[in-house]
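Right, one structure below, let's go through it.
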Amino acid sequence: MTAVVVSGLTKVFNQGRGDEVLALSEVDLTVGDGEFVSLIGPSGCGKSTLLRLIADLIEPTAGTVTVADRPAAQARREQEYGIAFQQAGLFEWRTVRRNVELPLELRGVSKAERRAKADRMLELVGLADFAGHYPGQLSGGMQQRVAIARALAVQPPLLLMDEPFGALDEMTRERLQSELLSICAKTGTSTVFVTHSISEAVFLSDRVVVMSARPGRITASIEVKLPSRDEAGRQAPVYFEKITEVRQALRA
Amino acid sequence: MRRVLPPVLFGLLALVLWEVFVTAGRVAPFILPAPSAIGAQIVEQKQNIWDAALASGANALVGLIGGTLLAVLAALAASRSRFLGEVSIPFAAVVNALPIIALAPILNNMFESTSSVPRRLVTGIVVFFPVFLNLLRGLREVSPVHQELMRTYAASGWTFARKVRLPGALPHLFTGLRQASSLAVIAAVVAEYFGGLQDGLGARITSAAAFTAYPRAWAFVAGACLLGLTFYLVTLLLERLATPWKQRLIS
Amino acid sequence: MRRVLSVIAGLIAAALLWEGYKAAGDPEGTVLFGVRVLPRADDLSMPHLWTILGRLTDPEMTGGRPVWIVVLDACLFTLGITAAGFLAGTLIGLVLAAAMQRFRIVERGLLPYVILSQTVPLVALAPLIAGWGGTLMPPWASVSVIAAYLAFFPVAVGMLRGLQSPSAAGAELMRSYAAGWWRTLVKLRFPAALPYLFPALRLAGAAAVVGAVVGEISTGTRGGIGRLIIEYSREATSDPAKVYTAMLGAALLGLLVAGAVSLLELPLMRHRRHVEVVTL
């Protein structure tokens with residue numbers, strides 16, 4: 001089974017109008033099972049558009065998207081993926097626990113099971129003590145962790161993330177990156193991760209996909225094999241080599 | 001303590017200054033009675049104030065509840081269609097800028113002027129607009145992130161309304177209700193200036209003023225103030241209970 | 001444009017509702033449990049719309065001026081009272097807001113009372129202010145006092161929010177320029193407050209109209225539209241359409257004031273963002 005297969009994907013916004021934009025042109029991408037893939041590129045290169053197409057939040061103009069061997073629309077209805085955005089997008093009127101429970105609630109999961117799962121997810125992101133709080137009482141980093149817990153709550157085989165750490169400070173960012181990696185390792189989740197930070201992409205990913213703008217297309221795909229994904233990994237020569245390689249691919 | 005002390009001190013100071021100003025300046029009671037004279041009248045008239053406040057309070061409450069229910073239903077209906085929302089918001093905003101209270105004499109003609117219906121109706125109409133406007137704005141305003149998120153959950157229209165739209169609009173509903181609750185009391189009291197049944201605070205104030213019993217009139221005004229304050233505070237309390245996530249932000 | 005269209009659509013809907021109810025409703029109204037829950041639909045209580053419009057061109061009394069001129073006259077009289085009250089109220093509101101922004105202690109002590117003053121029906125004081133007319137001031141001015149009282153509040157609260165809206169960074173920047181309180185107010189706080197001020201002024205305008213109409217009625221001031229409503233409603237049994245013409249006048253007054261305030265805002269707000277102002 002492959003987590004995501006994208007082939008010949010083209011997206012045109014405002015088709016047939018004066019302000020027509022070719023956002024993506026003939027994109028092919030495969031994400032293997034348990035693989036962590038980052039999409040990186042300048043703004044306007046269509047990386048968020050690609051993520052939204054995989055999530056079936058928008059319709060492709062041409063080409064196909066397959067998630068877990070199903071068409072994207074069916075995969076969305078069967079909740080084959082969890083998603084997190086740059087803004088946490090929590091519901092301010094729900095407590096932290098009830099925010100994490102929401103996707104389970106919509107799937108008709110029983111109350112007791114819902115609660116147990118939500119608590120487990122909150123423990124995973126280190127927020128077990130804050131289950132009864134409201135989002136307004138949490139810091140930005142904590143809110144983002146709740147959003148990740150919510151994305152993981154249905155234990156999806158695929159995780160889609162659109163610059164989830166973009167609005168956080170560097171320290172919080174690095175901590176959450178490590179947390180995310182350990183969660184993905186524990187649960188065996190495949191991940192598509194949109195970012196504009198080169199170091200973040202290299203540190204997190206098995207493969208960094210570099211995109212260029214106007215029209216959006218994939219220009220390079222760089223395999224990354226760090227000796228370990230921790231502090232030592234951040235110091236390893238191969239880490240810096242890969243950063244240079246991605247930077248050069250972005251300039252090309 | 002630091003939050004309570006300045007207003008209390010300020011209030012006491014104002015009362016003392018008022019008393020001194022009136023007694024030392026020999027201000028005629030028809031200009032401004034002394035607080036002590038008003039206080040004495042409040043004690044003397046407390047039964048009458050209570051009865052009149054009950055009558056006005058009942059009118060305000062019936063109008064408030066009726067107008068709110070109607071406004072909520074209308075806002076829910078209007079939020080179902082983009083077109084209705086776009087048309088009704090500016091229209092309601094314009095009507096809201098008109099002196100609706102002046103409808104009172106017409107309503108007195110259309111119904112009996114001896115029943116409480118006209119006063120309650122005018123209160124209901126006055127209440128309708130702020131509640132409708134605020135709630136409809138709240139219902140139409142949904143964050144794009146929430147919209148996308150609910151789409152990834154493949155949530156149906158009804159689920160979306162129940163889980164996102166309605167709870168999200170609740171604070172807006174209460175913003176409208178806060179304004180409406182004090183408007184309801186004002187409308188119920190002032191409607192009596194326009195004629196109709198005369199058993200509430202408004203009629204007591206005018207009749208006391210007509211008999212040049214100014215301290216007594218002020219005593220009834222004080223009763224009206226207490227009534228308005230009660231309505232406002234009860235609405236605040238309901239808001240606290242209904243939207244707990246808003247309050248915890250402060251602590 | 002869209003606004004005008006929607007208002008016209010609303011008016012047509014209201015007219016259809018009126019005439020529709022007149023055609024379908026019971027002329028004696030609907031009485032449930034001894035309470036009339038739907039109004040009478042006879043010509044005495046709900047005259048036809050064309051009767052009301054026709055009444056505008058007929059003379060007020062035999063041989064008198066046409067009604068529309070009388071109503072327009074009354075509107076202009078009340079407009080003057082409203083304008084005086086609106087200006088006075090706005091001025092007081094602005095000064096209060098500036099004082100509350102400048103001195104924390106004033107804000108702490110005064111703001112609760114400013115808010116309190118709106119939750120209580122102090123417009124009920126109107127009959128008592130009547131005593132001021134003719135002694136302290138001309139009668140029309142006592143009505144303006146009531147209008148001003150209703151108008152000052154939204155301005156004070158909206159403006160305070162606006163004056164407090166600039167970020168700490170903005171205030172620190174002004175401090176680095178060694179600008180004093182007054183220059184910070186003029187250069188930073190006041191411009192920043194404009195988006196808050198205009199919605200507040202709209203509220204104040206509507207409140208001033210209500211204050212003027214209610215004030216005229218309870219002080220018995222002659223010549224204005226509020227007084228006209230009361231006079232005409234007393235003639236309702238013999239001349240039912242007349243009171244509705246006065247009602248149209250009151251609506252016109254409301255529209256005039258709302259329009260005037262909007263005009264004020266147009267040149268200043270062209271490139272500014274709009275904010276919601278909740279005063280209560």
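Here's how to read the names in the structure tokens: chain A, B, ... by the order shown, residue numbers from 1 in each chain, ligand numbers from 1 in the order shown.
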Can you tell me which residues surround Lys187 in chain C at a distance of at most 12 Å, considering only C-alpha atoms, apart from same-chain residues fewer than 2 positions away, and format the answer as a PDB file with C-alpha atoms, in the first residue's frame?
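Final output, result_2.pdb:
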```pdb
ATOM      1  CA  LEU C 163      -7.723  55.797  21.962  1.00  0.00           C
ATOM      2  CA  PRO C 166      -2.674  51.676  19.340  1.00  0.00           C
ATOM      3  CA  GLY C 170       3.257  52.687  18.733  1.00  0.00           C
ATOM      4  CA  ALA C 171       3.207  54.442  22.083  1.00  0.00           C
ATOM      5  CA  LEU C 173       7.779  54.917  19.278  1.00  0.00           C
ATOM      6  CA  MET C 174       6.136  58.246  20.137  1.00  0.00           C
ATOM      7  CA  ARG C 175       8.002  58.217  23.432  1.00  0.00           C
ATOM      8  CA  TYR C 177      10.450  60.851  19.608  1.00  0.00           C
ATOM      9  CA  ALA C 179       6.437  63.451  22.073  1.00  0.00           C
ATOM     10  CA  GLY C 180       4.279  64.456  25.030  1.00  0.00           C
ATOM     11  CA  TRP C 181       0.785  63.253  25.850  1.00  0.00           C
ATOM     12  CA  TRP C 182      -0.917  65.846  23.684  1.00  0.00           C
ATOM     13  CA  ARG C 183       1.203  65.196  20.599  1.00  0.00           C
ATOM     14  CA  THR C 184       0.811  61.444  21.060  1.00  0.00           C
ATOM     15  CA  LEU C 185      -2.939  62.024  21.237  1.00  0.00           C
ATOM     16  CA  ARG C 189      -4.176  57.959  19.286  1.00  0.00           C
ATOM     17  CA  PHE C 190      -6.753  60.117  17.578  1.00  0.00           C
ATOM     18  CA  PRO C 191      -6.078  58.882  14.025  1.00  0.00           C
ATOM     19  CA  ALA C 192      -6.031  55.311  15.326  1.00  0.00           C
ATOM     20  CA  ALA C 193      -9.370  55.910  17.029  1.00  0.00           C
TER      21      ALA C 193
END
```
I need the contact residues of chain B against chain A, so if you could list those with any atom within 7 Å, counting only C-alpha atoms, and return them as a PyMOL selection string, that would help. chain B and resi 145-146+148+151-154+167+245+249
Atoms to include: N, CA and C atoms. Write the selected residues as an mmCIF file, in the first residue's frame.
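again-v5.cif written:
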```cif
data_model
loop_
_atom_site.group_PDB
_atom_site.id
_atom_site.type_symbol
_atom_site.label_atom_id
_atom_site.label_comp_id
_atom_site.auth_asym_id
_atom_site.auth_seq_id
_atom_site.Cartn_x
_atom_site.Cartn_y
_atom_site.Cartn_z
ATOM 1 N N VAL B 145 -10.357 28.379 8.679
ATOM 2 C CA VAL B 145 -9.688 27.159 9.157
ATOM 3 C C VAL B 145 -10.732 26.155 9.639
ATOM 4 N N HIS B 146 -11.725 26.644 10.387
ATOM 5 C CA HIS B 146 -12.767 25.748 10.869
ATOM 6 C C HIS B 146 -13.546 25.136 9.708
ATOM 7 N N GLU B 148 -12.440 24.502 6.649
ATOM 8 C CA GLU B 148 -11.642 23.454 6.003
ATOM 9 C C GLU B 148 -11.587 22.218 6.881
ATOM 10 N N ARG B 151 -14.549 20.197 6.710
ATOM 11 C CA ARG B 151 -14.620 19.499 5.432
ATOM 12 C C ARG B 151 -13.761 18.235 5.478
ATOM 13 N N THR B 152 -12.586 18.323 6.122
ATOM 14 C CA THR B 152 -11.766 17.113 6.211
ATOM 15 C C THR B 152 -12.458 16.052 7.052
ATOM 16 N N TYR B 153 -13.354 16.474 7.963
ATOM 17 C CA TYR B 153 -14.099 15.490 8.751
ATOM 18 C C TYR B 153 -15.330 15.006 7.990
ATOM 19 N N ALA B 154 -15.512 15.497 6.758
ATOM 20 C CA ALA B 154 -16.683 15.128 5.960
ATOM 21 C C ALA B 154 -17.963 15.380 6.734
ATOM 22 N N PRO B 167 -22.459 27.366 18.238
ATOM 23 C CA PRO B 167 -21.649 27.783 19.395
ATOM 24 C C PRO B 167 -20.801 29.003 19.102
ATOM 25 N N TRP B 245 -16.064 29.674 28.272
ATOM 26 C CA TRP B 245 -14.714 29.848 27.728
ATOM 27 C C TRP B 245 -14.299 31.300 27.648
ATOM 28 N N LEU B 249 -10.759 33.295 30.338
ATOM 29 C CA LEU B 249 -9.657 34.021 29.721
ATOM 30 C C LEU B 249 -9.079 35.044 30.681
#
```
Who sits within 12 Å of Glu35 in chain A, only C-alpha atoms, same chain under 3 positions skipped, as a ChimeraX atom specification: /A:1-4,30-32,38,157-159,181,184-185,187-193,204-208,223-224
Could you write those residues out with C-alpha atoms, as an mmCIF file, in the first residue's frame?
```cif
data_model
loop_
_atom_site.group_PDB
_atom_site.id
_atom_site.type_symbol
_atom_site.label_atom_id
_atom_site.label_comp_id
_atom_site.auth_asym_id
_atom_site.auth_seq_id
_atom_site.Cartn_x
_atom_site.Cartn_y
_atom_site.Cartn_z
ATOM 1 C CA MET A 1 0.000 0.000 0.000
ATOM 2 C CA THR A 2 1.239 3.503 -0.788
ATOM 3 C CA ALA A 3 0.056 6.364 1.344
ATOM 4 C CA VAL A 4 -0.311 8.944 -1.433
ATOM 5 C CA THR A 30 4.438 9.255 -4.366
ATOM 6 C CA VAL A 31 4.587 8.976 -0.601
ATOM 7 C CA GLY A 32 5.387 5.500 0.661
ATOM 8 C CA SER A 38 8.397 17.593 3.208
ATOM 9 C CA PRO A 157 -2.526 6.263 8.448
ATOM 10 C CA LEU A 158 -1.672 9.663 6.931
ATOM 11 C CA LEU A 159 -0.896 13.018 8.510
ATOM 12 C CA LEU A 181 8.996 12.535 14.980
ATOM 13 C CA CYS A 184 5.171 9.309 13.886
ATOM 14 C CA ALA A 185 7.690 6.617 14.750
ATOM 15 C CA THR A 187 2.280 5.160 15.324
ATOM 16 C CA GLY A 188 3.863 4.402 11.935
ATOM 17 C CA THR A 189 2.040 7.328 10.347
ATOM 18 C CA SER A 190 2.982 8.593 6.877
ATOM 19 C CA THR A 191 3.339 12.363 6.738
ATOM 20 C CA VAL A 192 3.201 15.118 4.140
ATOM 21 C CA PHE A 193 4.643 18.262 5.693
ATOM 22 C CA LEU A 204 12.192 15.889 9.830
ATOM 23 C CA SER A 205 12.062 14.187 6.472
ATOM 24 C CA ASP A 206 12.994 10.969 4.773
ATOM 25 C CA ARG A 207 12.627 12.922 1.547
ATOM 26 C CA VAL A 208 12.540 16.666 0.814
ATOM 27 C CA GLU A 223 16.582 11.697 0.056
ATOM 28 C CA VAL A 224 17.776 12.416 3.580
#
```
Members of range 22-224 of chain B assigned helix (DSSP H, G or I) by DSSP, as a PyMOL selection string: chain B and resi 22-24+35-44+46-80+82-96+100-110+117-140+144-152+157-194+201-210+214-224
Up to 7 Å from chain B, what residues of chain C turn up? Count only C-alpha atoms and give them as a PyMOL selection string. chain C and resi 3+6-7+10+36+39-40+45+108-110+112+119-122+124-125+127-128+131-132+206+209-210+218+230+233+250-251+254-255+258+280
Can you spit out the residues from that selection as a CSV table (one decimal), in the first residue's frame, using N, CA and C atoms?
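In the end it all went to result22.csv:
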```csv
chain,number,residue,atom,x,y,z
C,3,ARG,N,-26.9,48.8,-0.4
C,3,ARG,CA,-27.6,49.1,0.8
C,3,ARG,C,-29.0,49.7,0.4
C,6,SER,N,-31.3,47.1,-0.9
C,6,SER,CA,-31.8,46.2,0.2
C,6,SER,C,-32.9,46.9,1.0
C,7,VAL,N,-32.7,48.2,1.2
C,7,VAL,CA,-33.7,49.0,1.9
C,7,VAL,C,-35.0,49.0,1.1
C,10,GLY,N,-36.7,45.8,1.3
C,10,GLY,CA,-37.3,45.6,2.6
C,10,GLY,C,-38.6,46.4,2.7
C,36,ARG,N,-56.1,40.6,22.8
C,36,ARG,CA,-56.1,40.8,21.3
C,36,ARG,C,-54.6,40.6,20.9
C,39,PRO,N,-53.6,42.6,15.5
C,39,PRO,CA,-54.2,43.9,15.5
C,39,PRO,C,-55.5,44.0,14.7
C,40,ARG,N,-56.3,44.9,14.9
C,40,ARG,CA,-57.5,45.2,14.1
C,40,ARG,C,-57.0,45.5,12.7
C,45,SER,N,-57.8,51.5,12.1
C,45,SER,CA,-56.5,51.1,12.8
C,45,SER,C,-55.4,51.0,11.8
C,108,ARG,N,-11.1,54.2,36.0
C,108,ARG,CA,-11.6,53.2,37.0
C,108,ARG,C,-12.8,53.7,37.7
C,109,GLY,N,-12.8,55.0,38.1
C,109,GLY,CA,-13.9,55.6,38.9
C,109,GLY,C,-15.1,55.9,38.0
C,110,LEU,N,-14.9,56.3,36.8
C,110,LEU,CA,-16.0,56.8,36.0
C,110,LEU,C,-16.6,55.8,35.1
C,112,PRO,N,-17.4,52.6,35.1
C,112,PRO,CA,-18.6,51.8,35.6
C,112,PRO,C,-19.9,52.7,35.6
C,119,THR,N,-27.4,51.2,31.2
C,119,THR,CA,-28.3,50.1,31.5
C,119,THR,C,-29.5,50.5,32.2
C,120,VAL,N,-29.5,51.7,32.7
C,120,VAL,CA,-30.7,52.2,33.4
C,120,VAL,C,-31.4,53.2,32.6
C,121,PRO,N,-32.8,53.2,32.6
C,121,PRO,CA,-33.6,54.0,31.7
C,121,PRO,C,-33.6,55.5,32.2
C,122,LEU,N,-32.4,56.1,32.2
C,122,LEU,CA,-32.4,57.5,32.7
C,122,LEU,C,-33.1,58.5,31.7
C,124,ALA,N,-35.9,58.2,31.3
C,124,ALA,CA,-37.1,58.4,32.1
C,124,ALA,C,-37.1,59.8,32.9
C,125,LEU,N,-35.9,60.3,33.0
C,125,LEU,CA,-35.7,61.6,33.6
C,125,LEU,C,-36.4,62.7,32.8
C,127,PRO,N,-39.2,63.9,31.8
C,127,PRO,CA,-40.3,64.8,32.3
C,127,PRO,C,-39.7,65.7,33.4
C,128,LEU,N,-38.6,65.3,34.0
C,128,LEU,CA,-38.1,66.1,35.1
C,128,LEU,C,-37.2,67.2,34.6
C,131,GLY,N,-38.7,70.8,33.7
C,131,GLY,CA,-38.6,71.9,34.7
C,131,GLY,C,-37.5,72.9,34.3
C,132,TRP,N,-36.5,72.5,33.6
C,132,TRP,CA,-35.4,73.3,33.3
C,132,TRP,C,-35.8,74.3,32.2
C,206,ALA,N,-28.4,57.9,16.2
C,206,ALA,CA,-29.7,57.2,16.4
C,206,ALA,C,-30.3,57.5,17.8
C,209,VAL,N,-31.7,61.0,18.1
C,209,VAL,CA,-33.1,61.1,17.6
C,209,VAL,C,-34.1,60.6,18.6
C,210,VAL,N,-33.9,59.4,19.1
C,210,VAL,CA,-34.8,58.9,20.1
C,210,VAL,C,-34.9,59.9,21.3
C,218,SER,N,-42.3,64.3,26.4
C,218,SER,CA,-42.4,64.4,27.8
C,218,SER,C,-42.3,65.8,28.4
C,230,ILE,N,-48.0,62.8,18.9
C,230,ILE,CA,-49.0,62.7,20.0
C,230,ILE,C,-50.2,63.5,19.5
C,233,SER,N,-52.1,61.5,16.9
C,233,SER,CA,-52.6,60.2,17.4
C,233,SER,C,-53.9,60.4,18.2
C,250,ALA,N,-41.0,60.9,11.4
C,250,ALA,CA,-40.0,60.5,12.4
C,250,ALA,C,-39.0,59.6,11.7
C,251,ALA,N,-39.5,58.7,10.8
C,251,ALA,CA,-38.6,57.8,10.1
C,251,ALA,C,-37.6,58.6,9.2
C,254,GLY,N,-34.9,60.1,11.3
C,254,GLY,CA,-33.9,59.0,11.6
C,254,GLY,C,-33.0,58.8,10.4
C,255,LEU,N,-33.5,58.8,9.2
C,255,LEU,CA,-32.7,58.5,8.0
C,255,LEU,C,-31.8,59.7,7.7
C,258,ALA,N,-28.9,59.6,10.2
C,258,ALA,CA,-28.0,58.5,9.9
C,258,ALA,C,-27.2,58.8,8.6
C,280,LEU,N,-21.7,48.2,24.8
C,280,LEU,CA,-22.3,47.7,26.1
C,280,LEU,C,-21.9,46.3,26.3
```
Pairwise distance, CA of Val202 in chain A with CA of Thr244 in chain A, equals 10.0 Å
Could you pull out the residues in range 13-206 of chain A that DSSP calls strand (DSSP E or B) from the backbone, as a ChimeraX atom specification? /A:13,21-31,36-40,62-67,70-71,81-84,158-162,190-195
Near Val261 in chain C, within 8 Å and counting only C-alpha atoms, which residues show up once chain neighbours fewer than 6 positions away are dropped, as a list in words?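 Everything that qualifies: Phe198, Leu201, Arg202 and Gly205 of chain C.
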Point-to-point distance from CA of Val106 in chain C to CA of Ala156 in chain C, Å rounded to tenths: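 So the two atoms, CA of Val106 in chain C and CA of Ala156 in chain C, lie 12.8 Å apart.
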Enter the distance from CA of Leu236 in chain B to CA of Leu173 in chain B, in Å, rounded to one decimal.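 Separating CA of Leu236 in chain B from CA of Leu173 in chain B is a distance of 12.1 Å.
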Write out as a list in words each polymer residue whose atoms come within 8 Å of Ile81 in chain C, counting only C-alpha atoms; drop sequence neighbours fewer than 6 positions from it. Trp140, Ala141, Val143, Ser144, Ala147 and Ala212 of chain C
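Ranking A:Ser228, A:Gln144, A:Thr49, A:Ser7 by their shortest atom-to-atom distance to Asn99 in chain A, with only C-alpha atoms included, puts A:Gln144 first.
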Excluding Ala74 in chain C and its own-chain neighbours fewer than 4 positions away, which residues fall within 7 Å of it when counting only C-alpha atoms? Please give them as a PyMOL selection string. chain C and resi 70+78+223-225
Selected residues, N, CA and C atoms, written as a CSV table (one decimal), in the first residue's frame, please.
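Wrote it out as out_11.csv, contents follow:
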```csv
chain,number,residue,atom,x,y,z
C,70,VAL,N,-46.3,70.6,7.0
C,70,VAL,CA,-46.4,70.6,8.4
C,70,VAL,C,-45.4,69.6,9.0
C,78,THR,N,-37.2,69.4,14.9
C,78,THR,CA,-36.6,68.3,15.7
C,78,THR,C,-35.1,68.1,15.2
C,223,GLY,N,-43.9,72.1,18.3
C,223,GLY,CA,-43.3,72.4,17.1
C,223,GLY,C,-42.5,71.3,16.5
C,224,GLY,N,-42.2,70.2,17.2
C,224,GLY,CA,-41.4,69.1,16.7
C,224,GLY,C,-42.2,67.9,16.3
C,225,ILE,N,-41.5,66.9,15.8
C,225,ILE,CA,-42.2,65.8,15.2
C,225,ILE,C,-42.7,64.9,16.3
```
